[in-house]
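Shown here: entry-v3.txt, compact mmCIF, C-alpha atoms and all ligand atoms.
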```txt
# COMPACT_ATOMS: atom_id res chain seq x y z
CA MET A 10 -9.56 11.16 -4.15
CA ARG A 11 -10.10 7.51 -3.23
CA LEU A 12 -8.58 5.77 -0.20
CA GLY A 13 -7.00 2.35 -0.43
CA VAL A 14 -6.54 0.86 3.04
CA ASN A 15 -3.44 -1.28 3.50
CA ILE A 16 -4.10 -3.91 6.17
CA ASP A 17 -0.58 -5.44 6.32
CA HIS A 18 0.22 -4.28 9.81
CA VAL A 19 -2.86 -5.85 11.33
CA ALA A 20 -1.18 -9.06 10.21
CA THR A 21 2.17 -7.86 11.63
CA LEU A 22 0.55 -7.76 15.07
CA ARG A 23 -0.93 -11.23 14.61
CA GLN A 24 2.37 -12.67 13.40
CA ALA A 25 4.09 -11.33 16.53
CA ARG A 26 2.36 -14.28 18.26
CA ARG A 27 1.66 -16.52 15.25
CA THR A 28 -1.94 -16.65 16.46
CA PHE A 29 -5.36 -15.92 14.94
CA GLU A 30 -5.84 -12.33 16.14
CA PRO A 31 -6.05 -9.61 15.02
CA SER A 32 -7.30 -10.87 11.67
CA PRO A 33 -6.42 -8.76 8.59
CA VAL A 34 -9.45 -10.30 6.89
CA PHE A 35 -11.71 -8.89 9.62
CA ALA A 36 -9.89 -5.54 9.30
CA ALA A 37 -10.53 -5.55 5.54
CA LEU A 38 -14.25 -6.14 6.15
CA ILE A 39 -14.36 -3.27 8.65
CA ALA A 40 -12.45 -0.98 6.25
CA GLN A 41 -14.95 -1.83 3.52
CA GLN A 42 -17.85 -1.10 5.89
CA ALA A 43 -16.20 2.22 6.85
CA GLY A 44 -16.12 3.41 3.25
CA ALA A 45 -12.64 2.43 2.02
CA HIS A 46 -12.51 2.33 -1.75
CA GLN A 47 -9.98 -0.48 -1.97
CA ILE A 48 -8.12 -3.02 0.14
CA THR A 49 -4.37 -3.05 -0.38
CA LEU A 50 -2.13 -5.83 0.87
CA HIS A 51 1.47 -6.82 0.33
CA LEU A 52 2.30 -10.50 0.18
CA ARG A 53 5.99 -10.42 0.96
CA GLU A 54 8.39 -13.12 -0.09
CA ASP A 55 9.26 -13.78 3.59
CA ARG A 56 5.55 -13.76 4.61
CA ARG A 57 6.36 -11.52 7.54
CA HIS A 58 2.80 -10.22 7.78
CA ILE A 59 0.15 -11.19 5.19
CA GLN A 60 -0.14 -14.95 4.57
CA ASP A 61 -1.38 -16.64 1.39
CA GLU A 62 -4.58 -17.68 3.17
CA ASP A 63 -5.33 -14.03 4.09
CA LEU A 64 -5.14 -13.04 0.43
CA ARG A 65 -7.43 -15.87 -0.65
CA LEU A 66 -10.01 -15.11 2.05
CA ILE A 67 -9.93 -11.38 1.30
CA LYS A 68 -10.45 -12.08 -2.38
CA LYS A 69 -13.41 -14.31 -1.51
CA LEU A 70 -15.12 -12.01 1.00
CA ILE A 71 -14.34 -8.43 -0.04
CA LYS A 72 -16.51 -6.67 -2.61
CA ILE A 73 -14.42 -3.52 -3.17
CA PRO A 74 -11.32 -3.71 -5.41
CA ILE A 75 -8.24 -5.54 -4.16
CA ASN A 76 -4.76 -4.22 -4.83
CA LEU A 77 -2.02 -6.80 -4.36
CA GLU A 78 1.44 -5.35 -3.78
CA MET A 79 4.19 -7.78 -4.66
CA ALA A 80 7.76 -8.11 -5.82
CA PRO A 81 8.21 -8.98 -9.51
CA THR A 82 9.07 -12.66 -8.97
CA GLU A 83 7.78 -15.82 -10.67
CA GLU A 84 6.23 -17.06 -7.42
CA MET A 85 4.22 -13.87 -6.99
CA LYS A 86 3.15 -13.80 -10.62
CA ASN A 87 1.73 -17.30 -10.30
CA ILE A 88 -0.16 -16.33 -7.14
CA ALA A 89 -1.56 -13.21 -8.84
CA LEU A 90 -2.67 -15.20 -11.87
CA GLU A 91 -4.41 -17.70 -9.64
CA VAL A 92 -6.06 -15.28 -7.18
CA LYS A 93 -6.77 -12.53 -9.73
CA PRO A 94 -6.80 -9.34 -7.66
CA ASN A 95 -8.19 -6.26 -9.43
CA ARG A 96 -4.75 -4.71 -9.46
CA VAL A 97 -1.18 -5.74 -8.97
CA THR A 98 1.29 -3.10 -7.73
CA LEU A 99 4.89 -4.09 -8.28
CA VAL A 100 7.23 -2.96 -5.54
CA PRO A 101 10.92 -3.56 -4.88
CA GLU A 102 11.57 -5.92 -2.00
CA ARG A 103 14.59 -6.59 0.15
CA ARG A 104 14.39 -8.97 3.09
CA GLU A 105 16.42 -6.76 5.42
CA GLU A 106 14.27 -3.64 4.91
CA ILE A 107 11.65 -2.59 7.45
CA THR A 108 9.27 -1.25 4.82
CA THR A 109 9.36 -0.65 1.06
CA GLU A 110 12.32 1.68 0.75
CA GLY A 111 12.38 3.56 -2.51
CA GLY A 112 10.46 2.84 -5.68
CA LEU A 113 10.93 0.13 -8.26
CA ASP A 114 13.82 0.82 -10.63
CA VAL A 115 11.75 0.45 -13.81
CA VAL A 116 14.54 1.93 -15.95
CA ARG A 117 16.96 -0.81 -14.91
CA LEU A 118 14.33 -3.55 -15.16
CA GLU A 119 12.80 -2.34 -18.43
CA SER A 120 13.31 -5.39 -20.64
CA PHE A 121 12.53 -7.83 -17.80
CA LEU A 122 9.29 -6.01 -16.88
CA LYS A 123 8.06 -5.79 -20.47
CA ASP A 124 8.01 -9.55 -20.56
CA TYR A 125 6.93 -10.06 -16.92
CA LEU A 126 3.80 -7.93 -17.31
CA LYS A 127 2.43 -9.67 -20.41
CA GLU A 128 0.61 -12.55 -18.69
CA ILE A 129 -0.69 -10.32 -15.90
CA LYS A 130 -2.17 -7.90 -18.40
CA LEU A 131 -3.63 -10.76 -20.45
CA ALA A 132 -5.41 -11.89 -17.27
CA ASN A 133 -7.09 -8.45 -17.16
CA ILE A 134 -5.36 -7.43 -13.96
CA GLU A 135 -4.50 -3.74 -13.79
CA VAL A 136 -0.76 -3.16 -13.44
CA SER A 137 0.62 -0.34 -11.33
CA LEU A 138 4.29 0.31 -10.62
CA PHE A 139 5.43 1.86 -7.33
CA VAL A 140 7.99 4.45 -8.40
CA GLU A 141 9.86 7.51 -7.22
CA PRO A 142 8.49 10.75 -8.71
CA GLU A 143 11.19 10.83 -11.38
CA GLU A 144 10.65 11.56 -15.06
CA GLU A 145 12.68 8.61 -16.34
CA GLN A 146 10.88 6.10 -14.08
CA ILE A 147 7.49 7.37 -15.26
CA ALA A 148 8.50 7.22 -18.92
CA ALA A 149 9.88 3.69 -18.47
CA SER A 150 6.62 2.65 -16.75
CA LYS A 151 4.76 3.62 -19.89
CA THR A 152 7.27 1.80 -22.08
CA VAL A 153 6.93 -1.49 -20.20
CA GLY A 154 3.15 -1.39 -20.54
CA ALA A 155 1.95 -0.42 -17.06
CA ASP A 156 -1.57 0.98 -16.68
CA ALA A 157 -0.69 3.16 -13.72
CA VAL A 158 2.02 4.39 -11.41
CA GLU A 159 1.87 4.76 -7.65
CA LEU A 160 4.14 7.59 -6.63
CA HIS A 161 6.26 7.03 -3.52
CA THR A 162 5.37 9.74 -0.99
CA GLY A 163 7.81 8.55 1.68
CA ARG A 164 10.30 11.35 1.13
CA TYR A 165 7.56 13.98 1.35
CA ALA A 166 6.19 12.38 4.53
CA ASN A 167 9.61 12.23 6.21
CA LEU A 168 10.39 15.87 5.37
CA TRP A 169 7.00 16.99 6.66
CA ASN A 170 7.38 14.97 9.85
CA GLU A 171 10.82 16.51 10.44
CA HIS A 172 9.24 19.99 10.11
CA LYS A 173 11.26 20.68 6.97
CA LYS A 174 8.33 22.51 5.45
CA GLU A 175 10.17 24.17 2.57
CA GLN A 176 11.75 20.90 1.41
CA ALA A 177 8.41 19.12 1.84
CA ARG A 178 6.84 21.75 -0.40
CA GLU A 179 9.54 21.17 -3.02
CA GLU A 180 8.89 17.43 -2.85
CA LEU A 181 5.19 18.11 -3.48
CA GLU A 182 6.19 20.03 -6.59
CA ARG A 183 8.24 17.03 -7.71
CA LEU A 184 5.23 14.76 -7.10
CA LYS A 185 3.01 17.17 -9.04
CA LYS A 186 5.39 17.26 -12.02
CA ALA A 187 5.66 13.47 -12.05
CA SER A 188 1.86 13.14 -11.86
CA LEU A 189 1.41 15.54 -14.75
CA LEU A 190 3.85 13.62 -16.93
CA ALA A 191 2.21 10.30 -16.04
CA LYS A 192 -1.21 11.67 -16.93
CA GLU A 193 0.09 13.07 -20.21
CA LEU A 194 1.41 9.61 -21.05
CA GLY A 195 -2.01 8.12 -20.32
CA LEU A 196 -1.07 6.46 -17.03
CA ARG A 197 -3.38 6.53 -14.02
CA VAL A 198 -1.76 8.10 -10.97
CA TYR A 199 -1.90 6.87 -7.39
CA ALA A 200 0.28 7.74 -4.41
CA GLY A 201 1.22 6.44 -1.00
CA HIS A 202 3.68 5.65 1.78
CA GLY A 203 4.18 7.33 5.13
CA LEU A 204 0.95 9.34 5.02
CA THR A 205 -0.61 10.31 8.35
CA TYR A 206 -3.47 12.46 9.70
CA HIS A 207 -0.93 15.27 9.98
CA ASN A 208 0.78 15.30 6.62
CA VAL A 209 -2.01 14.16 4.30
CA ALA A 210 -3.98 17.43 3.99
CA ASP A 211 -1.09 19.44 2.47
CA LEU A 212 -0.51 16.68 -0.06
CA VAL A 213 -4.17 16.43 -1.02
CA ARG A 214 -4.39 20.20 -1.45
CA GLU A 215 -1.52 20.16 -3.95
CA LEU A 216 -2.23 16.92 -5.79
CA LYS A 217 -6.00 16.62 -5.83
CA ASP A 218 -6.24 17.37 -9.55
CA TYR A 219 -3.64 14.77 -10.47
CA VAL A 220 -3.75 11.83 -8.09
CA GLU A 221 -6.80 9.55 -8.06
CA GLU A 222 -6.05 7.47 -5.01
CA LEU A 223 -3.96 7.26 -1.86
CA ASN A 224 -2.85 4.03 -0.22
CA VAL A 225 -2.41 4.27 3.54
CA GLY A 226 -1.54 1.54 6.00
CA HIS A 227 0.71 2.01 9.01
CA SER A 228 -0.89 5.19 10.28
CA ILE A 229 -4.43 3.82 10.07
CA VAL A 230 -3.45 0.66 11.93
CA SER A 231 -1.57 2.75 14.53
CA ASN A 232 -4.58 4.96 15.16
CA ALA A 233 -6.88 1.95 15.30
CA VAL A 234 -4.74 0.40 18.04
CA LEU A 235 -4.75 3.55 20.18
CA PHE A 236 -8.35 4.63 19.60
CA GLY A 237 -9.56 1.15 20.45
CA PHE A 238 -7.33 0.70 23.49
CA GLU A 239 -9.63 2.16 26.14
CA ARG A 240 -12.55 0.05 24.96
CA ALA A 241 -10.44 -3.09 24.85
CA VAL A 242 -9.23 -2.58 28.44
CA LYS A 243 -12.74 -1.83 29.74
CA GLU A 244 -14.16 -4.89 28.02
CA PHE A 245 -11.42 -7.09 29.46
CA ILE A 246 -12.25 -5.82 32.97
CA GLU A 247 -15.91 -6.70 32.31
CA ARG A 248 -14.90 -10.26 31.34
CA ILE A 249 -12.91 -10.60 34.58
CA LYS A 250 -15.94 -9.38 36.50
CA GLU A 251 -18.07 -12.04 34.81
CA GLY A 252 -15.72 -14.64 36.20
CA LEU A 253 -16.05 -13.18 39.69
CA LEU A 254 -19.86 -13.46 39.75
N1 LIG B 301 1.89 1.95 -1.18
C1 LIG B 301 2.85 1.01 -1.33
C2 LIG B 301 3.23 0.59 -2.70
C3 LIG B 301 3.46 0.41 -0.22
O1 LIG B 301 4.43 -0.52 -0.39
C4 LIG B 301 3.03 0.79 1.08
C5 LIG B 301 3.62 0.11 2.27
O2 LIG B 301 3.30 -1.23 2.26
C6 LIG B 301 2.02 1.76 1.19
C7 LIG B 301 1.49 2.34 0.05
C8 LIG B 301 1.48 2.19 2.52
O3 LIG B 301 2.47 2.81 3.29
P1 LIG B 301 2.21 3.13 4.80
O4 LIG B 301 2.06 1.83 5.52
O5 LIG B 301 3.42 3.90 5.21
O6 LIG B 301 0.94 3.94 4.86
```

What does the file become when written as C-alpha cells?
Amino acid sequence: MRLGVNIDHVATLRQARRTFEPSPVFAALIAQQAGAHQITLHLREDRRHIQDEDLRLIKKLIKIPINLEMAPTEEMKNIALEVKPNRVTLVPERREEITTEGGLDVVRLESFLKDYLKEIKLANIEVSLFVEPEEEQIAASKTVGADAVELHTGRYANLWNEHKKEQAREELERLKKASLLAKELGLRVYAGHGLTYHNVADLVRELKDYVEELNVGHSIVSNAVLFGFERAVKEFIERIKEGLL
C-alpha cells in the first residue's frame, strides 16, 4: 500500500504568520527523501494554506507523483491544466469548514462532472473523486468517467478514536464493500482522511487487498512538530550561546 503525504498543514503553520517558514516545498522534498510515494496538496479556493506558488515549485522540484486536491471550479480546472499534476482529486469545499467534511456528491453533480472532467482527462491527468463509501457514489464516479475513487475514511477514524470499536469495524466493512465495487467497475481505489499512527493498522489489515494508496496529512505534520520540538529548542539555545561568545 503506497503512502501519499499531504503537506497542507505545513503551509497552515506558515500562513499563521504569513512568513516563509515552514515551507511546504521543503516538507515535500523531505517526504520524498523519506520514501513517500506521492505528494498530495489541496489548493483551496480561500488559499488558507497552500499558495499557487507552492504548487508550481512542488511541480518543478518533486520527482514522485503529485496529487492535487481541488474543488470542481473553473479556476481550479485552469490551474490544473496549466500545472499538470499527475492526478487531480476532486473534493467538496465549503469556506466555513475546518477540513473536507464528507465526500463529493457525485450523484447530484453527475451531469456537471461528466462535462467538467473531459478537458482534464484529455490532458492525461488522472482523475480521482473523494467520495463516501456508498454504492451510488461509486457507481456515479464510474459513470462520469473518473479513473479512481478516494474513499473518505473520516468516519472510521472518528469512531476508532472515540473507542467505538464495533462501529469502527462496521465502517471498515462498508469501506471494504465500496472498494470491492469500485474495483469491479474498473476504478482504482485510494483512501484517506483522519488516519493516525493509532488507527491506521486496523484499516490496513482489512483493506490491504483492495486499497492501493493512503493519503495522510494532519497526523504526519502533528508528529513532525512534536518529534522535532526538542531538537529545535536545543538548537535555538545553541544560537543564543553563539551570540554570548
Ligand atoms: N484525502 C483527501 C481527499 C483530503 O481532503 C484530505 C485532507 O486534506 C486527506 C486525504 C488527508 O486527511 P488528513 O489531513 O486528516 O490526514

Shell of 9 Å around ligand LIG 301 (chain B) (only C-alpha atoms and all ligand atoms), written as a VMD selection string: chain A and resid 13 to 18 49 to 51 78 to 79 98 to 101 108 to 110 112 138 to 140 159 to 163 166 199 to 205 223 to 230

d(CA of Glu171 in chain A, CA of Ala45 in chain A) in Å: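 Taking CA of Glu171 in chain A as the start and CA of Ala45 in chain A as the end point, the length is 28.6 Å.
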
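One distance worth recording is that between CA of Leu90 in chain A and CA of Ala43 in chain A, which is 28.9 Å.
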
Pick from A:His58, A:Gln47, A:Val97, A:Leu189, whichever lies nearest to Ala25 in chain A using all atoms listed in the file: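 Looking at the shortest contact to Ala25 in chain A, the residue is A:His58.
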
Residue nearest Pro142 in chain A among A:Pro31, A:Gly111, A:Pro74, A:Pro81 (counting all atoms listed in the file):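 Among the listed residues, A:Gly111 lies closest to Pro142 in chain A.
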
Taking all atoms of range 192-200 of chain A that the file lists, what box with edges along x, y and z, padded by 3 Å per side, do you get, with centre and edge lengths in Å to one decimal, as AutoDock Vina command-line options?
```
--center_x -1.0 --center_y 9.8 --center_z -12.7 --size_x 10.8 --size_y 12.6 --size_z 22.6
```

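Among the candidates A:Thr152, A:Leu253, A:Ala233, A:Arg11, the residue lying nearest to Lys217 in chain A is A:Arg11 (atoms considered: only C-alpha atoms).
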
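Going from CA of Leu184 in chain A over to CA of Leu12 in chain A, you cover 17.9 Å.
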
Residues within 10 Å of Lys93 in chain A, only C-alpha atoms, excluding chain neighbours under 4 positions, as a VMD selection string: chain A and resid 65 68 75 to 77 87 to 89 97 129 132 to 135

Distance query range 115-117 of chain A at most 7 Å, all atoms listed in the file, self and fewer than 3 positions along chain excluded, as a PyMOL selection string: chain A and resi 145-146+149-150

Selection as number ranges by chain: residues within 9 Å of (-14.5, -5.8, 5.5), counting all atoms listed in the file: A: 34-43, 48, 67, 70-73

Residues as selected, C-alpha atoms, written as a compact mmCIF listing (two decimals), keeping the file's coordinate frame, can you do that?
```txt
# COMPACT_ATOMS: atom_id res chain seq x y z
CA VAL A 34 -9.45 -10.30 6.89
CA PHE A 35 -11.71 -8.89 9.62
CA ALA A 36 -9.89 -5.54 9.30
CA ALA A 37 -10.53 -5.55 5.54
CA LEU A 38 -14.25 -6.14 6.15
CA ILE A 39 -14.36 -3.27 8.65
CA ALA A 40 -12.45 -0.98 6.25
CA GLN A 41 -14.95 -1.83 3.52
CA GLN A 42 -17.85 -1.10 5.89
CA ALA A 43 -16.20 2.22 6.85
CA ILE A 48 -8.12 -3.02 0.14
CA ILE A 67 -9.93 -11.38 1.30
CA LEU A 70 -15.12 -12.01 1.00
CA ILE A 71 -14.34 -8.43 -0.04
CA LYS A 72 -16.51 -6.67 -2.61
CA ILE A 73 -14.42 -3.52 -3.17
```

Within 12 Å of file point (-2.0, 18.7, -0.2), counting only C-alpha atoms, expressed as a VMD selection string: chain A and resid 10 162 165 to 166 169 177 to 178 180 to 182 184 to 185 200 204 206 to 220 223

Using only C-alpha atoms: which of A:Leu131, A:Leu113, A:Ala157, A:Leu118 has the shortest distance to Leu194 in chain A: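 Distance minimum relative to Leu194 in chain A lands on A:Ala157.
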
Which residue of A:Leu235, A:Ala155, A:Leu122, A:Ile147 approaches Arg96 in chain A most closely, using all atoms listed in the file: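 Nearest candidate to Arg96 in chain A out of A:Leu235, A:Ala155, A:Leu122, A:Ile147: A:Ala155.
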